Amino acid sequence: MPNPIIVKVQSQYLESQSQPEKDKYAFGYHVTISNQGDTPATLISRHWIITDGNGNKSEVKGLGVVGEQPKILPGQSYSYSSFSVLDTRVGTMEGSYQIQAPDESYFDAPIPPFLLAVPGTIN
């Protein structure tokens with residue numbers, strides 16, 4: 001059975017919150033989580049893998065997203081925005097959300113890799 005949770009992410013460089021002279025590059029990202037299944041799904045936790053342009057990886061794990069554990073009804077979506085700061089002009093993020101089904105079972109919804117890049121860094 002295909003995963004009923006689809007995750008899409010759009011990212012952008014946050015120039016006003018970055019400090020290039022200190023190798024601090026801020027990126028915002030907007031996530032939309034869609035439930036294409038036929039039962040409610042509750043987002044319990046997140047697991048991010050953040051990789052900078054030098055190949056250094058960091059992981060972020062925690063309950064919910066932006067302080068919430070949203071229940072997403074069939075055919076509905078949940079969206080939120082957050083940010084990450086890298087030490088390089090380019091990097092990637094990917095990961096997964098742990099989802100609880102109505103029968104109290106759990107499954108992972110993958111977050112596909114997405115690019116974080118200062119405009120003009122990558123042709």
# chains A, B, ... in the order shown; residues from 1 in each chain; ligands from 1
call {"tool": "residues_around", "arguments": {"residues": "Ser16 in chain A", "least_positions_apart": "2", "cutoff": "10 Å", "atoms": "only C-alpha atoms", "output": "ChimeraX atom specification"}}
result
/A:13-14,18-19,25-26
call {"tool": "write_last_selection", "arguments": {"atoms": "C-alpha atoms", "output": "compact mmCIF listing (two decimals), in the first residue's frame"}}
result
# COMPACT_ATOMS: atom_id res chain seq x y z
CA TYR A 13 17.10 32.02 1.29
CA LEU A 14 16.49 34.50 4.12
CA SER A 18 21.81 35.70 7.33
CA GLN A 19 25.34 36.79 8.25
CA TYR A 25 23.11 31.38 6.05
CA ALA A 26 19.42 31.28 7.03
call {"tool": "residues_around", "arguments": {"residues": "Gly55 in chain A", "least_positions_apart": "2", "cutoff": "12 Å", "atoms": "only C-alpha atoms", "output": "mmCIF file with C-alpha atoms, in the first residue's frame"}}
result
data_model
loop_
_atom_site.group_PDB
_atom_site.id
_atom_site.type_symbol
_atom_site.label_atom_id
_atom_site.label_comp_id
_atom_site.auth_asym_id
_atom_site.auth_seq_id
_atom_site.Cartn_x
_atom_site.Cartn_y
_atom_site.Cartn_z
ATOM 1 C CA ILE A 49 18.738 15.237 8.507
ATOM 2 C CA ILE A 50 20.467 18.496 7.554
ATOM 3 C CA THR A 51 23.585 18.333 5.385
ATOM 4 C CA ASP A 52 25.731 21.395 4.698
ATOM 5 C CA GLY A 53 27.857 22.039 1.619
ATOM 6 C CA LYS A 57 25.311 16.191 8.831
ATOM 7 C CA SER A 58 23.196 17.146 11.811
ATOM 8 C CA LEU A 86 23.741 26.545 7.750
ATOM 9 C CA ASP A 87 27.456 27.348 7.862
ATOM 10 C CA THR A 88 27.657 27.046 4.061
ATOM 11 C CA VAL A 90 24.288 25.430 0.051
ATOM 12 C CA GLY A 91 22.920 22.312 1.721
ATOM 13 C CA THR A 92 20.030 19.885 1.842
ATOM 14 C CA MET A 93 17.365 18.738 4.254
#
call {"tool": "closest_residue", "arguments": {"among": "A:Lys8, A:Pro110, A:Glu59, A:Val118", "to": "Tyr29 in chain A", "atoms": "only C-alpha atoms"}}
result
A:Lys8
call {"tool": "closest_residue", "arguments": {"among": "A:Val66, A:Ser81, A:Gln17, A:Val60", "to": "Thr32 in chain A", "atoms": "only C-alpha atoms"}}
result
A:Ser81
call {"tool": "atom_distance", "arguments": {"atom1": "CA of Arg89 in chain A", "atom2": "CA of Ile33 in chain A"}}
result
27.0 Å
call {"tool": "atom_distance", "arguments": {"atom1": "CA of Leu63 in chain A", "atom2": "CA of Leu116 in chain A"}}
result
23.5 Å
call {"tool": "closest_residue", "arguments": {"among": "A:Thr42, A:Tyr78, A:Glu68, A:Asn35", "to": "Pro2 in chain A", "atoms": "only C-alpha atoms"}}
result
A:Asn35
call {"tool": "atom_distance", "arguments": {"atom1": "CA of Lys71 in chain A", "atom2": "CA of Ser34 in chain A"}}
result
10.9 Å
